[in-house]
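Printed here is upload_30.pdb (PDB, C-alpha atoms):
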ATOM      1  CA  MET U  15     127.126  29.359  94.511  1.00  0.00           C
ATOM      2  CA  ALA U  16     128.916  26.816  96.691  1.00  0.00           C
ATOM      3  CA  GLU U  17     131.987  27.817  98.649  1.00  0.00           C
ATOM      4  CA  PHE U  18     134.453  25.834 100.688  1.00  0.00           C
ATOM      5  CA  PRO U  19     134.203  26.103 104.479  1.00  0.00           C
ATOM      6  CA  GLU U  20     137.125  28.066 105.941  1.00  0.00           C
ATOM      7  CA  GLU U  21     138.433  24.962 107.735  1.00  0.00           C
ATOM      8  CA  VAL U  22     138.608  23.053 104.435  1.00  0.00           C
ATOM      9  CA  VAL U  23     140.520  25.919 102.792  1.00  0.00           C
ATOM     10  CA  LYS U  24     142.989  26.064 105.706  1.00  0.00           C
ATOM     11  CA  LYS U  25     143.657  22.332 105.448  1.00  0.00           C
ATOM     12  CA  ALA U  26     144.013  22.449 101.664  1.00  0.00           C
ATOM     13  CA  PHE U  27     146.373  25.441 101.892  1.00  0.00           C
ATOM     14  CA  GLY U  28     148.491  23.574 104.435  1.00  0.00           C
ATOM     15  CA  ALA U  29     148.522  20.428 102.294  1.00  0.00           C
ATOM     16  CA  SER U  30     149.672  22.502  99.297  1.00  0.00           C
ATOM     17  CA  ASP U  31     152.564  23.814 101.416  1.00  0.00           C
ATOM     18  CA  GLY U  32     151.364  27.321 100.520  1.00  0.00           C
ATOM     19  CA  ARG U  33     152.043  26.833  96.796  1.00  0.00           C
ATOM     20  CA  CYS U  34     149.933  26.882  93.642  1.00  0.00           C
ATOM     21  CA  GLU U  35     148.866  23.349  92.737  1.00  0.00           C
ATOM     22  CA  CYS U  36     148.075  24.005  89.063  1.00  0.00           C
ATOM     23  CA  LEU U  37     149.129  21.100  86.838  1.00  0.00           C
ATOM     24  CA  LEU U  38     147.932  22.357  83.457  1.00  0.00           C
ATOM     25  CA  VAL U  39     150.781  21.978  80.972  1.00  0.00           C
ATOM     26  CA  GLU U  40     149.259  24.578  78.648  1.00  0.00           C
ATOM     27  CA  HIS U  41     149.872  27.245  81.317  1.00  0.00           C
ATOM     28  CA  GLY U  42     153.591  26.961  80.559  1.00  0.00           C
ATOM     29  CA  HIS U  43     154.822  25.997  84.020  1.00  0.00           C
ATOM     30  CA  SER U  44     158.534  25.231  84.094  1.00  0.00           C
ATOM     31  CA  TYR U  45     158.887  23.030  87.195  1.00  0.00           C
ATOM     32  CA  ASN U  46     157.657  19.507  86.458  1.00  0.00           C
ATOM     33  CA  SER U  47     154.574  21.038  84.786  1.00  0.00           C
ATOM     34  CA  MET U  48     153.492  22.524  88.126  1.00  0.00           C
ATOM     35  CA  CYS U  49     153.150  26.219  88.879  1.00  0.00           C
ATOM     36  CA  MET U  50     154.477  25.991  92.464  1.00  0.00           C
ATOM     37  CA  ARG U  51     154.180  29.772  93.000  1.00  0.00           C
ATOM     38  CA  VAL U  52     154.595  30.593  96.689  1.00  0.00           C
ATOM     39  CA  LEU U  53     151.389  32.072  98.111  1.00  0.00           C
ATOM     40  CA  ASP U  54     150.599  34.291 101.074  1.00  0.00           C
ATOM     41  CA  TRP U  55     147.630  33.153 103.184  1.00  0.00           C
ATOM     42  CA  ASN U  56     146.595  36.783 103.740  1.00  0.00           C
ATOM     43  CA  LYS U  57     146.152  37.432 100.006  1.00  0.00           C
ATOM     44  CA  ARG U  58     143.246  35.076  99.362  1.00  0.00           C
ATOM     45  CA  GLY U  59     140.925  36.535  96.727  1.00  0.00           C
ATOM     46  CA  GLN U  60     143.287  39.419  95.908  1.00  0.00           C
ATOM     47  CA  SER U  61     143.074  39.880  92.143  1.00  0.00           C
ATOM     48  CA  PHE U  62     145.315  42.944  91.930  1.00  0.00           C
ATOM     49  CA  LYS U  63     149.070  43.251  92.301  1.00  0.00           C
ATOM     50  CA  ALA U  64     150.102  44.233  95.809  1.00  0.00           C
ATOM     51  CA  PRO U  65     152.976  46.671  96.426  1.00  0.00           C
ATOM     52  CA  ASP U  66     155.259  43.630  96.665  1.00  0.00           C
ATOM     53  CA  GLY U  67     154.333  42.767  93.046  1.00  0.00           C
ATOM     54  CA  GLU U  68     152.398  39.630  93.920  1.00  0.00           C
ATOM     55  CA  LYS U  69     148.744  38.781  93.326  1.00  0.00           C
ATOM     56  CA  GLY U  70     146.647  36.575  95.548  1.00  0.00           C
ATOM     57  CA  TRP U  71     145.203  33.103  95.288  1.00  0.00           C
ATOM     58  CA  GLU U  72     141.916  31.237  95.553  1.00  0.00           C
ATOM     59  CA  ALA U  73     140.530  27.819  96.441  1.00  0.00           C
ATOM     60  CA  HIS U  74     139.172  26.072  93.346  1.00  0.00           C
ATOM     61  CA  PHE U  75     136.824  23.119  92.888  1.00  0.00           C
ATOM     62  CA  ILE U  76     138.474  20.185  91.088  1.00  0.00           C
ATOM     63  CA  VAL U  77     134.978  18.894  90.280  1.00  0.00           C
ATOM     64  CA  SER U  78     132.446  21.722  90.211  1.00  0.00           C
ATOM     65  CA  PRO U  79     129.366  21.594  92.435  1.00  0.00           C
ATOM     66  CA  GLU U  80     127.246  21.636  89.259  1.00  0.00           C
ATOM     67  CA  ASN U  81     128.876  18.313  88.341  1.00  0.00           C
ATOM     68  CA  GLY U  82     128.476  16.773  91.785  1.00  0.00           C
ATOM     69  CA  GLY U  83     131.660  18.106  93.409  1.00  0.00           C
ATOM     70  CA  LYS U  84     131.676  18.350  97.190  1.00  0.00           C
ATOM     71  CA  THR U  85     133.082  21.057  99.461  1.00  0.00           C
ATOM     72  CA  THR U  86     135.779  18.709 100.790  1.00  0.00           C
ATOM     73  CA  GLN U  87     139.554  19.038 101.042  1.00  0.00           C
ATOM     74  CA  GLU U  88     139.944  16.273  98.449  1.00  0.00           C
ATOM     75  CA  ASN U  89     138.008  18.392  95.946  1.00  0.00           C
ATOM     76  CA  CYS U  90     139.821  21.645  96.751  1.00  0.00           C
ATOM     77  CA  GLU U  91     142.929  22.812  94.935  1.00  0.00           C
ATOM     78  CA  ILE U  92     144.848  25.953  95.801  1.00  0.00           C
ATOM     79  CA  LEU U  93     145.649  28.132  92.782  1.00  0.00           C
ATOM     80  CA  CYS U  94     147.530  31.386  92.337  1.00  0.00           C
ATOM     81  CA  TRP U  95     145.318  34.114  90.909  1.00  0.00           C
ATOM     82  CA  ASP U  96     146.730  33.779  87.376  1.00  0.00           C
ATOM     83  CA  CYS U  97     146.136  30.010  87.218  1.00  0.00           C
ATOM     84  CA  TYR U  98     142.726  30.416  88.851  1.00  0.00           C
ATOM     85  CA  CYS U  99     141.637  32.872  86.145  1.00  0.00           C
ATOM     86  CA  LYS U 100     143.058  30.783  83.298  1.00  0.00           C
ATOM     87  CA  LYS U 101     141.412  27.627  84.607  1.00  0.00           C
ATOM     88  CA  ASN U 102     138.047  29.367  85.004  1.00  0.00           C
ATOM     89  CA  LYS U 103     138.251  30.717  81.442  1.00  0.00           C
ATOM     90  CA  LYS U 104     138.943  27.225  80.142  1.00  0.00           C
ATOM     91  CA  ILE U 105     136.038  25.767  82.113  1.00  0.00           C
ATOM     92  CA  LYS U 106     133.647  28.472  80.891  1.00  0.00           C
ATOM     93  CA  LYS U 107     134.701  27.926  77.280  1.00  0.00           C
ATOM     94  CA  PHE U 108     134.390  24.152  77.694  1.00  0.00           C
ATOM     95  CA  ASN U 109     130.907  24.554  79.159  1.00  0.00           C
ATOM     96  CA  SER U 110     130.014  26.703  76.145  1.00  0.00           C
ATOM     97  CA  SER U 111     131.289  23.957  73.789  1.00  0.00           C
ATOM     98  CA  PHE U 112     134.348  26.011  72.856  1.00  0.00           C
ATOM     99  CA  LEU U 113     137.491  24.421  74.235  1.00  0.00           C
ATOM    100  CA  ILE U 114     140.452  26.714  73.678  1.00  0.00           C
ATOM    101  CA  LEU U 115     143.726  25.763  75.282  1.00  0.00           C
ATOM    102  CA  PHE U 116     146.001  28.516  76.567  1.00  0.00           C
TER     103      PHE U 116
END
Render the structure in this file as structure tokens.
Amino acid sequence: MAEFPEEVVKKAFGASDGRCECLLVEHGHSYNSMCMRVLDWNKRGQSFKAPDGEKGWEAHFIVSPENGGKTTQENCEILCWDCYCKKNKKIKKFNSSFLILF
């Protein structure tokens, strides 16, 4: 399984201004159809709620490696854990020929 180099993730996180970049309207985002959740660099990969009530985030491939996506900053989007999970569910269902929008 391909992963982004740490340097690419750092640059992408900086370019996102430390916010979730999810643009999927079906996720119900209120600000200009963007999530914009503020993220903490130290919570990458944290799927559980921390004592402060926040979950983590993850770097996500815009175009998957299976479809020719590269491990570059241009192909890396920063997503809060909730958007990351929703997007991965949608991709898995799409790949299984079952597209269900959330």
- Message: Applying the PyMOL selection byres ((chain U and resi 60) around 8) to the file I just gave you, which residues come out? Please list them as a ChimeraX atom specification.
- Response: /U:57-59,61-63,69-71,95
- Gap from atom CA of Ala64 of chain U to atom CA of Arg51 of chain U - Å, one decimal: 15.3 Å
- Residue members of the PyMOL selection byres ((chain U and resi 48) around 12) in the file shown, as a VMD selection string: chain U and resid 30 33 to 47 49 to 52 93 to 94 97
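Between atom CA of Cys90 of chain U and atom CA of Phe75 of chain U there is a distance of 5.1 Å.
Nearest-residue note for Gly32 of chain U: choosing from U:Ile92, U:Ala73, U:Phe18, U:Thr86, the minimum distance belongs to U:Ile92, counting all atoms listed in the file.
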Which residues fall under the PyMOL selection byres ((chain U and resi 88) around 10) in this file, as a CSV table (one decimal) with C-alpha atoms, in the frame of the given file?
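What landed in selection-v7.csv:
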chain,number,residue,atom,x,y,z
U,22,VAL,CA,138.6,23.1,104.4
U,25,LYS,CA,143.7,22.3,105.4
U,26,ALA,CA,144.0,22.4,101.7
U,75,PHE,CA,136.8,23.1,92.9
U,76,ILE,CA,138.5,20.2,91.1
U,77,VAL,CA,135.0,18.9,90.3
U,83,GLY,CA,131.7,18.1,93.4
U,84,LYS,CA,131.7,18.4,97.2
U,85,THR,CA,133.1,21.1,99.5
U,86,THR,CA,135.8,18.7,100.8
U,87,GLN,CA,139.6,19.0,101.0
U,89,ASN,CA,138.0,18.4,95.9
U,90,CYS,CA,139.8,21.6,96.8
U,91,GLU,CA,142.9,22.8,94.9
With all atoms of segment 88-100 of chain U from the file as input, state the centre and edge lengths in Å to one decimal of the axis-aligned box that has 8 Å extra on each side, as AutoDock Vina command-line options.
--center_x 142.8 --center_y 25.2 --center_z 90.9 --size_x 25.5 --size_y 33.8 --size_z 31.2
